[in-house]
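Text of the file my_file_6.cif, holding mmCIF, C-alpha atoms:
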```
data_run
#
loop_
_atom_site.label_atom_id
_atom_site.label_comp_id
_atom_site.auth_asym_id
_atom_site.auth_seq_id
_atom_site.Cartn_x
_atom_site.Cartn_y
_atom_site.Cartn_z
CA MET A 868 2.65 -1.95 -18.48
CA GLY A 869 6.31 -2.61 -19.21
CA GLN A 870 7.29 -1.95 -22.78
CA ALA A 871 10.21 -2.52 -25.10
CA CYS A 872 11.67 0.72 -26.48
CA ALA A 873 12.69 1.02 -30.12
CA ALA A 874 11.59 -2.57 -30.55
CA GLN A 875 11.95 -2.74 -34.32
CA ALA A 876 15.64 -1.85 -34.12
CA CYS A 877 16.45 -3.60 -30.89
CA VAL A 878 15.15 -7.11 -31.50
CA LYS A 879 17.60 -7.82 -34.31
CA PRO A 880 20.24 -10.52 -33.74
CA ARG A 881 22.81 -7.75 -33.23
CA VAL A 882 21.57 -7.22 -29.66
CA ARG A 883 24.49 -7.19 -27.27
CA ILE A 884 23.01 -5.38 -24.28
CA ALA A 885 19.54 -5.66 -22.77
CA LEU A 886 18.79 -2.64 -20.61
CA LEU A 887 16.10 -2.94 -17.94
CA SER A 888 15.03 0.52 -16.72
CA ASN A 889 12.91 1.67 -13.82
CA PRO A 890 11.72 5.21 -14.68
CA ASN A 891 10.85 5.83 -11.02
CA SER A 892 14.44 5.52 -9.78
CA THR A 893 15.80 8.86 -8.61
CA GLY A 894 18.53 9.23 -11.22
CA ASN A 895 16.19 8.32 -14.05
CA ILE A 896 13.97 11.34 -13.52
CA ALA A 897 16.65 13.42 -15.26
CA GLN A 898 18.63 10.76 -17.12
CA LEU A 899 16.00 8.55 -18.77
CA PRO A 900 15.26 10.86 -21.73
CA LYS A 901 18.96 10.79 -22.66
CA ILE A 902 19.09 7.02 -22.17
CA ARG A 903 16.05 6.54 -24.41
CA GLU A 904 17.64 8.70 -27.08
CA TYR A 905 20.89 6.76 -26.80
CA CYS A 906 19.10 3.40 -27.14
CA ALA A 907 17.19 4.63 -30.20
CA GLU A 908 20.51 5.43 -31.88
CA HIS A 909 22.13 2.08 -30.97
CA PRO A 910 20.30 -0.96 -32.41
CA ASP A 911 22.50 -3.33 -30.40
CA VAL A 912 20.70 -2.21 -27.21
CA PHE A 913 17.32 -3.69 -26.30
CA HIS A 914 15.63 -1.31 -23.85
CA TYR A 915 12.77 -2.50 -21.65
CA GLU A 916 11.05 -0.22 -19.13
CA VAL A 917 8.98 -1.25 -16.13
CA GLU A 918 6.80 0.95 -13.97
CA GLN A 919 6.66 -1.35 -10.95
CA ALA A 920 8.41 -4.40 -9.51
CA SER A 921 5.58 -6.76 -10.47
CA GLN A 922 6.48 -6.25 -14.16
CA ILE A 923 10.10 -7.37 -13.81
CA GLY A 924 9.24 -11.05 -14.30
CA GLU A 925 7.69 -10.37 -17.72
CA ALA A 926 10.59 -8.04 -18.54
CA ILE A 927 13.18 -10.75 -17.84
CA ARG A 928 11.20 -13.27 -19.91
CA SER A 929 11.17 -10.86 -22.86
CA ILE A 930 14.85 -10.07 -22.45
CA ALA A 931 15.72 -13.78 -22.41
CA ARG A 932 14.22 -14.15 -25.90
CA VAL A 933 16.77 -11.75 -27.45
CA ARG A 934 19.70 -13.56 -25.74
CA PRO A 935 21.79 -10.50 -24.80
CA LYS A 936 25.48 -10.65 -24.10
CA VAL A 937 25.01 -8.40 -21.03
CA LEU A 938 21.96 -7.59 -18.89
CA ALA A 939 22.24 -4.00 -17.66
CA ILE A 940 19.96 -2.75 -14.89
CA ASN A 941 19.13 0.94 -14.83
CA GLY A 942 17.62 1.60 -11.42
CA GLY A 943 18.28 1.73 -7.71
CA ASP A 944 19.27 -1.09 -5.40
CA GLY A 945 15.62 -2.18 -5.09
CA THR A 946 15.33 -2.61 -8.86
CA VAL A 947 18.57 -4.61 -8.92
CA GLN A 948 17.32 -6.83 -6.10
CA ALA A 949 14.02 -7.54 -7.87
CA ALA A 950 15.85 -8.39 -11.11
CA LEU A 951 18.34 -10.67 -9.32
CA THR A 952 15.46 -12.43 -7.56
CA GLU A 953 13.76 -13.08 -10.90
CA LEU A 954 17.01 -14.24 -12.51
CA TYR A 955 17.64 -16.62 -9.61
CA ASN A 956 14.13 -18.05 -9.32
CA GLY A 957 12.79 -17.77 -12.86
CA GLY A 958 15.28 -19.88 -14.80
CA HIS A 959 14.60 -17.83 -17.95
CA PHE A 960 18.17 -18.21 -19.24
CA GLY A 961 18.60 -21.85 -18.24
CA ASP A 962 22.01 -22.53 -16.73
CA ALA A 963 23.74 -19.64 -18.51
CA PRO A 964 22.37 -16.23 -17.52
CA PRO A 965 24.27 -13.27 -19.00
CA PRO A 966 26.56 -11.22 -16.77
CA VAL A 967 24.76 -8.41 -14.99
CA ALA A 968 25.82 -4.76 -15.09
CA VAL A 969 24.39 -2.01 -12.89
CA LEU A 970 24.01 1.66 -13.85
CA PRO A 971 24.23 4.18 -10.97
CA SER A 972 20.65 5.47 -11.09
CA GLY A 973 19.37 5.22 -7.52
CA LYS A 974 19.88 7.18 -4.32
CA THR A 975 22.36 4.87 -2.57
CA ASN A 976 23.81 2.80 -5.44
CA LEU A 977 25.71 0.45 -3.09
CA ILE A 978 25.71 -2.35 -5.67
CA ALA A 979 26.68 -0.08 -8.58
CA LEU A 980 29.53 1.43 -6.55
CA ASP A 981 30.83 -2.00 -5.57
CA LEU A 982 31.02 -2.87 -9.26
CA GLY A 983 32.81 0.35 -10.20
CA ALA A 984 29.88 2.18 -11.84
CA ARG A 985 29.98 5.89 -10.97
CA GLY A 986 28.82 9.17 -12.43
CA ASP A 987 26.68 9.55 -15.52
CA PRO A 988 24.59 6.42 -16.31
CA VAL A 989 24.84 7.20 -20.04
CA HIS A 990 28.63 7.11 -19.86
CA THR A 991 28.39 3.80 -18.00
CA LEU A 992 26.14 2.45 -20.76
CA GLU A 993 28.63 3.60 -23.40
CA ARG A 994 31.41 1.74 -21.59
CA LEU A 995 29.27 -1.39 -21.36
CA ILE A 996 28.63 -1.34 -25.10
CA GLU A 997 32.37 -1.11 -25.72
CA LEU A 998 32.94 -4.16 -23.53
CA ALA A 999 30.03 -6.10 -25.01
CA ARG A 1000 31.47 -5.64 -28.49
CA THR A 1001 34.68 -7.42 -27.51
CA ASP A 1002 35.10 -11.09 -28.25
CA ASP A 1003 35.76 -12.05 -24.63
CA LEU A 1004 33.99 -10.47 -21.67
CA ALA A 1005 35.70 -12.71 -19.11
CA PRO A 1006 38.43 -10.19 -18.14
CA TYR A 1007 35.71 -7.72 -17.17
CA THR A 1008 33.42 -10.03 -15.20
CA VAL A 1009 33.50 -11.14 -11.59
CA ALA A 1010 31.43 -13.71 -9.69
CA ARG A 1011 29.47 -12.25 -6.80
CA GLU A 1012 28.02 -14.35 -4.02
CA LEU A 1013 24.43 -13.49 -3.18
CA ILE A 1014 22.13 -13.53 -0.15
CA ALA A 1015 18.97 -15.65 -0.21
CA LEU A 1016 16.45 -14.25 2.28
CA ARG A 1017 13.54 -16.36 3.41
CA HIS A 1018 10.74 -15.00 5.56
CA GLY A 1019 7.39 -16.54 6.25
CA GLU A 1020 6.07 -19.57 4.38
CA SER A 1021 7.14 -18.68 0.84
CA ASP A 1022 9.61 -21.08 -0.80
CA ARG A 1023 10.76 -18.36 -3.20
CA PRO A 1024 13.78 -16.60 -1.66
CA VAL A 1025 14.44 -12.91 -2.18
CA ILE A 1026 17.94 -12.38 -3.60
CA GLY A 1027 20.20 -9.47 -2.73
CA MET A 1028 23.70 -8.36 -1.83
CA PHE A 1029 23.41 -6.05 1.19
CA LEU A 1030 21.19 -6.27 4.27
CA GLY A 1031 20.95 -3.63 6.98
CA GLY A 1032 19.24 -4.17 10.30
CA ALA A 1033 18.82 -2.76 13.81
CA GLY A 1034 19.83 0.92 14.09
CA LEU A 1035 21.14 0.93 10.53
CA ALA A 1036 17.75 -0.12 9.13
CA ASP A 1037 15.97 2.40 11.34
CA THR A 1038 18.32 5.13 10.08
CA MET A 1039 17.84 4.11 6.45
CA LEU A 1040 14.05 4.20 6.87
CA TYR A 1041 14.33 7.55 8.66
CA CYS A 1042 16.27 8.92 5.69
CA ARG A 1043 13.76 7.48 3.22
CA ASP A 1044 10.63 8.61 5.06
CA LYS A 1045 11.72 11.88 6.70
CA ILE A 1046 14.70 13.34 4.82
CA TYR A 1047 14.26 12.40 1.16
CA PRO A 1048 10.77 13.99 0.99
CA LEU A 1049 12.42 17.34 1.73
CA GLY A 1050 13.75 17.30 -1.83
CA LEU A 1051 17.38 17.90 -0.87
CA PRO A 1052 20.34 16.71 -2.95
CA ASN A 1053 21.37 13.17 -2.05
CA SER A 1054 24.66 14.28 -0.52
CA VAL A 1055 22.89 16.76 1.78
CA ALA A 1056 20.19 14.24 2.70
CA HIS A 1057 22.80 11.65 3.63
CA LEU A 1058 24.78 14.21 5.66
CA LEU A 1059 21.69 15.23 7.63
CA THR A 1060 20.86 11.58 8.24
CA ALA A 1061 24.40 10.91 9.49
CA LEU A 1062 24.24 13.90 11.84
CA ALA A 1063 20.87 12.76 13.18
CA SER A 1064 22.25 9.26 13.72
CA ILE A 1065 25.28 10.63 15.59
CA ALA A 1066 23.04 12.79 17.76
CA LYS A 1067 20.90 9.77 18.57
CA GLN A 1068 23.47 7.02 19.02
CA VAL A 1069 26.59 8.83 20.21
CA LEU A 1070 25.26 11.90 22.03
CA ARG A 1071 22.15 10.04 23.24
CA LEU A 1072 19.86 12.91 22.37
CA LYS A 1073 16.15 12.19 22.32
CA ALA A 1074 13.68 14.02 20.11
CA SER A 1075 10.76 13.11 17.87
CA PHE A 1076 12.60 14.33 14.76
CA LEU A 1077 15.52 11.92 15.33
CA PRO A 1078 15.63 8.23 14.29
CA PRO A 1079 13.77 5.84 16.64
CA ASP A 1080 15.40 3.67 19.29
CA SER A 1081 16.63 0.31 18.04
CA THR A 1082 14.80 -2.78 19.30
CA PRO A 1083 16.50 -5.88 20.77
CA LEU A 1084 17.63 -8.54 18.32
CA SER A 1085 19.00 -12.05 18.50
CA VAL A 1086 21.26 -13.22 15.69
CA SER A 1087 21.97 -16.94 15.38
CA LEU A 1088 24.99 -18.08 13.36
CA SER A 1089 25.33 -21.59 11.99
CA GLU A 1090 28.88 -22.00 13.37
CA GLN A 1091 28.11 -20.74 16.88
CA LYS A 1092 26.02 -22.28 19.64
CA ASP A 1093 25.29 -18.99 21.39
CA PRO A 1094 23.47 -16.25 19.48
CA ILE A 1095 24.53 -12.60 19.48
CA THR A 1096 21.86 -10.69 21.38
CA GLY A 1097 21.17 -7.11 22.40
CA ARG A 1098 20.52 -3.69 20.90
CA PHE A 1099 22.72 -2.74 17.96
CA SER A 1100 23.44 0.62 16.40
CA LEU A 1101 24.44 -1.19 13.23
CA LEU A 1102 23.85 -4.65 11.86
CA ALA A 1103 24.88 -5.47 8.31
CA VAL A 1104 25.10 -8.69 6.31
CA THR A 1105 26.61 -8.68 2.85
CA THR A 1106 28.46 -10.46 0.09
CA LEU A 1107 29.95 -7.22 -1.26
CA GLU A 1108 33.73 -6.84 -1.22
CA LYS A 1109 33.44 -3.60 0.74
CA LEU A 1110 30.82 -3.79 3.44
CA LEU A 1111 30.22 -0.26 4.66
CA LEU A 1112 32.14 3.02 4.72
CA SER A 1113 34.54 1.40 2.22
CA THR A 1114 35.62 -1.09 4.88
CA ASP A 1115 37.55 -3.90 3.23
CA PHE A 1116 37.47 -7.04 5.34
CA GLY A 1117 40.26 -8.70 3.43
CA ALA A 1118 40.33 -12.43 2.78
CA HIS A 1119 37.21 -14.34 3.72
CA ARG A 1120 35.88 -17.82 3.23
CA GLN A 1121 34.16 -18.32 -0.08
CA GLY A 1122 30.47 -19.11 0.05
CA THR A 1123 29.85 -17.44 3.40
CA LEU A 1124 27.94 -14.40 4.56
CA LYS A 1125 29.79 -11.56 6.29
CA LEU A 1126 28.14 -9.98 9.31
CA LEU A 1127 29.08 -6.78 11.12
CA ALA A 1128 27.23 -5.80 14.30
CA ILE A 1129 28.06 -2.85 16.56
CA GLU A 1130 26.39 -2.71 19.95
CA ALA A 1131 24.22 0.31 20.73
CA ASP A 1132 26.55 1.91 23.25
CA PRO A 1133 28.25 5.28 22.57
CA GLU A 1134 31.66 4.04 23.76
CA MET A 1135 31.46 0.97 21.56
CA VAL A 1136 30.31 3.01 18.58
CA MET A 1137 33.29 5.33 19.03
CA SER A 1138 35.59 2.30 19.40
CA ALA A 1139 34.35 1.11 16.02
CA VAL A 1140 34.93 4.56 14.50
CA PHE A 1141 38.51 4.73 15.82
CA ALA A 1142 39.13 1.15 14.65
CA LYS A 1143 37.93 2.17 11.18
CA ILE A 1144 40.28 5.18 11.15
CA ALA A 1145 43.19 2.99 12.27
CA GLY A 1146 42.41 0.36 9.64
CA LYS A 1147 41.63 -2.28 12.27
CA LEU A 1148 37.88 -2.67 11.78
CA GLY A 1149 37.17 -6.22 10.68
CA ARG A 1150 40.80 -7.24 11.14
CA GLU A 1151 41.23 -7.07 14.91
CA LYS A 1152 38.89 -7.65 17.85
CA VAL A 1153 37.21 -4.45 19.03
CA ARG A 1154 35.03 -4.29 22.13
CA GLY A 1155 31.37 -4.18 21.25
CA VAL A 1156 32.03 -4.99 17.58
CA HIS A 1157 31.10 -8.38 16.16
CA PHE A 1158 32.49 -9.43 12.79
CA GLU A 1159 31.53 -12.95 11.81
CA GLU A 1160 31.27 -15.24 8.79
CA ALA A 1161 28.62 -17.91 8.59
CA ASN A 1162 26.90 -20.29 6.20
CA GLU A 1163 23.53 -19.37 7.69
CA ILE A 1164 22.28 -16.41 9.72
CA THR A 1165 18.89 -16.18 11.42
CA ILE A 1166 17.58 -12.89 12.80
CA HIS A 1167 15.01 -13.05 15.59
CA GLY A 1168 13.19 -9.97 16.84
CA ASP A 1169 9.93 -8.37 17.84
CA ASN A 1170 8.89 -5.99 15.04
CA SER A 1171 12.51 -5.37 14.03
CA ASN A 1172 13.10 -4.03 10.52
CA VAL A 1173 15.75 -5.22 8.11
CA ILE A 1174 16.32 -3.88 4.60
CA LEU A 1175 17.67 -6.03 1.77
CA ASP A 1176 18.76 -3.84 -1.16
CA GLY A 1177 15.91 -1.40 -0.60
CA GLU A 1178 13.12 -3.83 0.33
CA THR A 1179 11.97 -3.86 3.96
CA PHE A 1180 11.22 -7.03 5.93
CA ARG A 1181 10.24 -7.36 9.58
CA ALA A 1182 11.42 -10.01 12.02
CA GLN A 1183 8.55 -10.77 14.38
CA THR A 1184 8.06 -13.14 17.27
CA GLY A 1185 7.79 -16.63 15.80
CA SER A 1186 8.64 -15.37 12.30
CA PRO A 1187 12.43 -14.92 12.03
CA ILE A 1188 14.38 -13.90 8.94
CA ASN A 1189 16.71 -16.54 7.54
CA LEU A 1190 19.73 -15.73 5.37
CA ARG A 1191 21.85 -18.18 3.37
CA PRO A 1192 24.36 -17.83 0.54
CA ALA A 1193 22.85 -18.15 -2.93
CA GLN A 1194 24.45 -19.43 -6.11
CA PRO A 1195 26.86 -16.75 -7.41
CA LEU A 1196 26.03 -14.73 -10.50
CA SER A 1197 28.47 -13.09 -12.92
CA PHE A 1198 28.67 -9.29 -12.89
CA VAL A 1199 30.44 -6.82 -15.14
CA LYS A 1200 32.99 -4.87 -13.11
CA LEU A 1201 33.84 -1.54 -14.65
CA ALA A 1202 36.74 -0.61 -12.37
CA ALA A 1203 39.34 -2.40 -10.25
#
```

Encoded form using structure tokens:
Amino acid sequence: MGQACAAQACVKPRVRIALLSNPNSTGNIAQLPKIREYCAEHPDVFHYEVEQASQIGEAIRSIARVRPKVLAINGGDGTVQAALTELYNGGHFGDAPPPVAVLPSGKTNLIALDLGARGDPVHTLERLIELARTDDLAPYTVARELIALRHGESDRPVIGMFLGGAGLADTMLYCRDKIYPLGLPNSVAHLLTALASIAKQVLRLKASFLPPDSTPLSVSLSEQKDPITGRFSLLAVTTLEKLLLSTDFGAHRQGTLKLLAIEADPEMVMSAVFAKIAGKLGREKVRGVHFEEANEITIHGDNSNVILDGETFRAQTGSPINLRPAQPLSFVKLAA
């Protein structure tokens, strides 16, 4: 069961930061003992640990009772996604949820990196406490648009910030299922995954130990009559300022989703790579590269995986995946 740490000290009115930790996140295996010790020494931190995603609802309800100035999430992208989903759907803070901060404690940390959180999670927590003790947090917060994913008959959308599909999702699952179990450092695991992806998509090598072939997809955009169809080496939808490989797509319409799709053809993949190097990706038309903005995106496929902040969904015949912008939330940004 989830539990509040150092509850006697942390539930006092002095609480400025509520810290929601997932002990199973990769970074927490080594860092959590230090974080627990730090929280025990700082009564203005309310620390709540969960062992599985199903406990996050109760965790957020408990955190809402202490009315923190900042909600910090200590876990990977999947933990962040589950917490954002509960914040969005649960209404525990009424119309004024606290700004969210993210500690870099997972394997990919896309959301934490976008918000400027890098390095030691304890140092990030120290910086957050400094900011929370100021009278005005506004200079350190930024509104982030979110993705609301609906799949199947549930009316409760899943909330996230980055979705990968097609070859990208297959590669991410390959890394998770085949490379991470080897116990290698994250940097080495990601390098091996990148090399395997290049061998598969650019060199067209075929082997059982490489990522699988991508399946055909059809992507419908609200502003376009004709869908984008085919096999894609990469499909990404996000609200993050930097989509992938630190690609900054510059000015974009507020309240829209950004989509990048690269067709599964070696020449087109290389065109995208050269466009990235030249600083043209997302700013100029490149053959085989689709960059779009839309108010609604629907992904149709036959057993095609997509991953939203660590959680996997599957587009199947007659059961597409629908994406729409969600109401923005405020986040603490630790770096420009």

Answer key for the PyMOL selection byres ((chain A and resi 912) around 8), residues as a list in words: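 Selected by the PyMOL selection byres ((chain A and resi 912) around 8) in this file: Cys877, Val882, Arg883, Ile884, Ala885, Leu886, Cys906, His909, Pro910, Asp911, Phe913 and His914 of chain A.
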
Atom-to-atom span, atom CA of A:Leu1004 and atom CA of A:Ser892, Å: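 Atom CA of A:Leu1004 sits 27.9 Å away from atom CA of A:Ser892.
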
Among listed residues A:Leu951, A:Gly1032, A:Gln1068, A:Ser929, nearest A:Glu1012 (using all atoms listed in the file):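 The closest residue to A:Glu1012 is A:Leu951.
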
Residue IDs satisfying the PyMOL selection byres ((chain A and resi 1144-1159) around 6), as number ranges by chain: A: 1116, 1125-1130, 1135, 1141-1143, 1160

Residue with smallest distance to A:Ala1066 - pool A:Pro1048, A:Pro1133, A:Pro935, A:Pro1006, counting only C-alpha atoms: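 The answer is A:Pro1133, which sits nearest to A:Ala1066.
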
Point-to-point distance in Å for atom CA of A:Gly957 and atom CA of A:Arg1191: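 Between these atoms lies a distance of 18.6 Å.
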
A:Pro1079, A:Thr1008, A:Ala939, A:Ile930 ranked by distance to A:Ala968, top pick (using only C-alpha atoms):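 The shortest atom-to-atom distance to A:Ala968 comes from A:Ala939.
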
Best match for closeness to A:Ile1164 among A:Glu1178, A:Asp1044, A:Asp944, A:Glu1090, counting all atoms listed in the file: A:Glu1090

Nearest to A:Leu938 by atom-to-atom distance, counting all atoms listed in the file, from A:Val1199, A:Ala920, A:Ala1193, A:Ile1166: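 For A:Leu938, the nearest of the candidates is A:Val1199.
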
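Proximity ranking of A:Ala1103, A:Leu1084, A:Leu1077, A:Leu995 relative to A:Leu1040 places A:Leu1077 first, based on only C-alpha atoms.
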
Taking (9.0, 5.1, -13.8) in the file's coordinates as the center, which residues reach within 7 Å of it, counting only C-alpha atoms, put as a JSON list (two decimals) with C-alpha atoms, in the frame of the given file?
```
[["chain", "number", "residue", "atom", "x", "y", "z"],
["A", 889, "ASN", "CA", 12.91, 1.67, -13.82],
["A", 890, "PRO", "CA", 11.72, 5.21, -14.68],
["A", 891, "ASN", "CA", 10.85, 5.83, -11.02],
["A", 892, "SER", "CA", 14.44, 5.52, -9.78],
["A", 917, "VAL", "CA", 8.98, -1.25, -16.13],
["A", 918, "GLU", "CA", 6.80, 0.95, -13.97]]
```
